[in-house]
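Here's the structure, in structure tokens; my notes come after.
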Amino acid sequence: MTVTWGLLIMGVALLLLGGYRWQHAQSFARESVQVTGEVINHDRALNVEGRGRIHLPKGGPLSEDEALAMAGLPPGGRFNIEAIQYAPVVRYQDERGGWHEYISPLAVPSPTPAVGENVVLTYRRSAPHEASLPSARGWLIGVPFALGVALCVVALRLLLRSGGG
């Protein structure tokens, strides 16, 4: 029964997080400016089992041995590499002519979009350094909502099945 209530509490917390992220996105959209920026690099990270996330110097694709060497770990060692992830670094110019760099919070297993590629992003007019790629906003809102709904449904079904108490 404790697990059921735990699932319900986590589900409600995720729904609240999703609601907060949605409200933040609405506020951001009301005062945002859309611009085109250029991918100038990729922020790279190596996820190694038991050691967590290790940030690597910015750049392009890496082999596992290159990534281990950059992380200060011996190549060919017994490290379970979970993933090498790449997040685009986008350079853009605001309405006043100032230049800014944005690093996406979403990292993927391949360096996409490619360096030199133009991407559309939005930034807050009152704070040009606060930018966002449209695809990143959807994940930051949708995932907490979806998980919250799923956990609440499971918890409520378990509560109804056990008689509620």
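Following the order of the structure tokens, chains are lettered A, B, ..., residues in each are numbered from 1, and ligands are numbered from 1.
Residues surrounding stretch 69-74 of chain A within 7 Å are Ile54, Leu56 and Asp65 of chain A [only C-alpha atoms; sequence separation below 4 positions excluded].
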Please save N, CA, C and O atoms of the selected residues as a PDB file, in the first residue's frame.
```
ATOM      1  N   ILE A  54      30.690  12.416 -17.469  1.00  0.00           N
ATOM      2  CA  ILE A  54      31.985  13.089 -17.528  1.00  0.00           C
ATOM      3  C   ILE A  54      31.953  14.022 -18.726  1.00  0.00           C
ATOM      4  O   ILE A  54      31.786  13.580 -19.868  1.00  0.00           O
ATOM      5  N   LEU A  56      33.348  16.362 -21.623  1.00  0.00           N
ATOM      6  CA  LEU A  56      34.523  16.336 -22.473  1.00  0.00           C
ATOM      7  C   LEU A  56      34.639  17.671 -23.200  1.00  0.00           C
ATOM      8  O   LEU A  56      33.651  18.384 -23.336  1.00  0.00           O
ATOM      9  N   ASP A  65      37.474   4.805 -27.366  1.00  0.00           N
ATOM     10  CA  ASP A  65      38.828   4.935 -26.829  1.00  0.00           C
ATOM     11  C   ASP A  65      39.252   6.399 -26.726  1.00  0.00           C
ATOM     12  O   ASP A  65      39.879   6.807 -25.748  1.00  0.00           O
TER      13      ASP A  65
END
```
DSSP helix (DSSP H, G or I) residues within chain A, as a ChimeraX atom specification: /A:2-30,64-70,134-162
Interatomic distance (Å, one decimal) between atom CA of A:Val48 and atom CA of A:Gln85: 11.3 Å
Spatial neighbours of A:Gly116, max dist 8 Å, only C-alpha atoms, sep filter under 3 positions, as a ChimeraX atom specification: /A:38-40
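Taking atom CA of A:Arg30 as the reference point, atom CA of A:Arg96 is found at 18.9 Å.
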Atom pair atom CA of A:Gly50 / atom CA of A:Glu64: separation (Å): 16.3 Å
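Of the residues listed (A:Arg53, A:Arg124, A:His129, A:His42), A:His42 shows the shortest atom-to-atom separation from A:Val89; distances use only C-alpha atoms.
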Counting only C-alpha atoms, what are the residues of stretch 58-149 of chain A within 9 Å of stretch 9-25 of chain A, and for each of them which pair of atoms is the nearest and at what distance in Å, to one decimal? Sort the table by chain and rising number, as CSV.
```
residue,atom,partner,partner_atom,distance
A:Arg137,CA,A:Ala25,CA,7.2
A:Leu140,CA,A:Arg21,CA,6.9
A:Ile141,CA,A:Gly18,CA,5.1
A:Gly142,CA,A:Gly18,CA,7.0
A:Val143,CA,A:Gly18,CA,7.7
A:Pro144,CA,A:Gly18,CA,5.0
A:Phe145,CA,A:Gly18,CA,5.0
A:Ala146,CA,A:Leu15,CA,8.1
A:Leu147,CA,A:Leu14,CA,6.8
A:Gly148,CA,A:Gly11,CA,3.9
A:Val149,CA,A:Gly11,CA,6.4
```
Take the residues that were just selected and, keeping N, CA and C atoms, output them as a CSV table (one decimal), in the first residue's frame.
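Once written, out_16.csv looks like this:
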```csv
chain,number,residue,atom,x,y,z
A,137,ARG,N,11.8,22.3,-25.7
A,137,ARG,CA,10.7,22.7,-24.9
A,137,ARG,C,9.6,21.6,-24.8
A,140,LEU,N,10.7,18.9,-22.3
A,140,LEU,CA,10.7,19.4,-20.9
A,140,LEU,C,9.3,19.5,-20.4
A,141,ILE,N,8.3,19.6,-21.2
A,141,ILE,CA,6.9,19.7,-20.7
A,141,ILE,C,6.3,18.3,-20.8
A,142,GLY,N,6.4,17.7,-22.0
A,142,GLY,CA,5.6,16.5,-22.3
A,142,GLY,C,6.0,15.3,-21.4
A,143,VAL,N,7.3,15.1,-21.2
A,143,VAL,CA,7.8,13.9,-20.4
A,143,VAL,C,7.2,14.0,-19.0
A,144,PRO,N,7.4,15.1,-18.2
A,144,PRO,CA,6.8,15.0,-16.9
A,144,PRO,C,5.3,14.8,-16.9
A,145,PHE,N,4.6,15.4,-17.8
A,145,PHE,CA,3.1,15.2,-17.9
A,145,PHE,C,2.8,13.8,-18.1
A,146,ALA,N,3.4,13.2,-19.1
A,146,ALA,CA,3.1,11.8,-19.5
A,146,ALA,C,3.4,10.8,-18.4
A,147,LEU,N,4.6,11.0,-17.8
A,147,LEU,CA,5.0,10.1,-16.6
A,147,LEU,C,4.0,10.3,-15.4
A,148,GLY,N,3.7,11.6,-15.2
A,148,GLY,CA,2.7,11.9,-14.1
A,148,GLY,C,1.4,11.3,-14.3
A,149,VAL,N,0.9,11.4,-15.5
A,149,VAL,CA,-0.4,10.7,-15.8
A,149,VAL,C,-0.3,9.2,-15.6
```
Neighbour list for A:Pro111 as number ranges by chain, cut-off 10 Å, only C-alpha atoms, skip fewer than 2 positions in-chain: A: 41-44, 59-62, 84-88, 107-109, 113-115
Store the residues picked out above, limited to N, CA, C and O atoms, as a short mmCIF file (atom, residue, chain, number, x, y, z; two decimals), in the first residue's frame.
```cif
data_model
loop_
_atom_site.label_atom_id
_atom_site.label_comp_id
_atom_site.auth_asym_id
_atom_site.auth_seq_id
_atom_site.Cartn_x
_atom_site.Cartn_y
_atom_site.Cartn_z
N ASN A 41 29.33 24.14 -32.57
CA ASN A 41 30.07 23.07 -31.92
C ASN A 41 29.08 22.12 -31.26
O ASN A 41 27.87 22.32 -31.36
N HIS A 42 29.60 21.14 -30.55
CA HIS A 42 28.76 20.24 -29.75
C HIS A 42 29.38 20.07 -28.37
O HIS A 42 30.58 19.86 -28.25
N ASP A 43 28.55 20.21 -27.35
CA ASP A 43 28.97 19.92 -25.98
C ASP A 43 28.92 18.40 -25.87
O ASP A 43 27.92 17.77 -26.20
N ARG A 44 30.01 17.80 -25.41
CA ARG A 44 30.09 16.34 -25.39
C ARG A 44 30.20 15.83 -23.96
O ARG A 44 30.85 16.45 -23.12
N GLY A 59 33.51 19.51 -29.41
CA GLY A 59 34.06 19.03 -30.66
C GLY A 59 33.10 18.10 -31.37
O GLY A 59 31.92 18.08 -31.10
N GLY A 60 33.66 17.29 -32.27
CA GLY A 60 32.87 16.40 -33.11
C GLY A 60 32.81 14.99 -32.57
O GLY A 60 33.07 14.74 -31.39
N PRO A 61 32.51 14.04 -33.46
CA PRO A 61 32.35 12.64 -33.06
C PRO A 61 33.64 12.05 -32.48
O PRO A 61 34.73 12.42 -32.87
N LEU A 62 33.47 11.12 -31.55
CA LEU A 62 34.60 10.45 -30.90
C LEU A 62 34.40 8.95 -30.91
O LEU A 62 33.27 8.47 -30.83
N ILE A 84 28.06 8.14 -25.43
CA ILE A 84 28.71 9.42 -25.67
C ILE A 84 27.60 10.29 -26.23
O ILE A 84 26.95 9.91 -27.20
N GLN A 85 27.33 11.42 -25.59
CA GLN A 85 26.20 12.25 -26.00
C GLN A 85 26.67 13.62 -26.45
O GLN A 85 27.66 14.15 -25.93
N TYR A 86 25.94 14.18 -27.40
CA TYR A 86 26.29 15.45 -28.01
C TYR A 86 25.10 16.41 -27.90
O TYR A 86 23.98 16.05 -28.25
N ALA A 87 25.36 17.62 -27.43
CA ALA A 87 24.33 18.66 -27.37
C ALA A 87 24.81 19.83 -28.23
O ALA A 87 25.94 20.29 -28.08
N PRO A 88 23.97 20.30 -29.16
CA PRO A 88 24.42 21.38 -30.04
C PRO A 88 24.67 22.68 -29.27
O PRO A 88 23.94 23.03 -28.35
N ALA A 107 20.75 16.11 -25.05
CA ALA A 107 21.90 15.53 -25.75
C ALA A 107 21.47 14.23 -26.41
O ALA A 107 20.63 13.50 -25.88
N VAL A 108 22.06 13.95 -27.55
CA VAL A 108 21.71 12.76 -28.33
C VAL A 108 22.99 11.98 -28.68
O VAL A 108 24.08 12.53 -28.60
N PRO A 109 22.86 10.73 -29.11
CA PRO A 109 24.04 9.90 -29.38
C PRO A 109 24.87 10.30 -30.60
O PRO A 109 25.96 9.80 -30.79
N PRO A 113 22.08 18.77 -34.76
CA PRO A 113 22.39 19.09 -36.14
C PRO A 113 23.89 19.33 -36.34
O PRO A 113 24.61 19.58 -35.38
N ALA A 114 24.32 19.24 -37.57
CA ALA A 114 25.75 19.32 -37.89
C ALA A 114 26.30 20.73 -37.66
O ALA A 114 25.56 21.72 -37.75
N VAL A 115 27.59 20.80 -37.36
CA VAL A 115 28.26 22.10 -37.24
C VAL A 115 28.11 22.84 -38.57
O VAL A 115 28.27 22.26 -39.64
#
```
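Distances from A:Leu8, A:Val153, A:Val90, A:Leu46 to A:Ser132 were compared using only C-alpha atoms, and the smallest one belongs to A:Val90.
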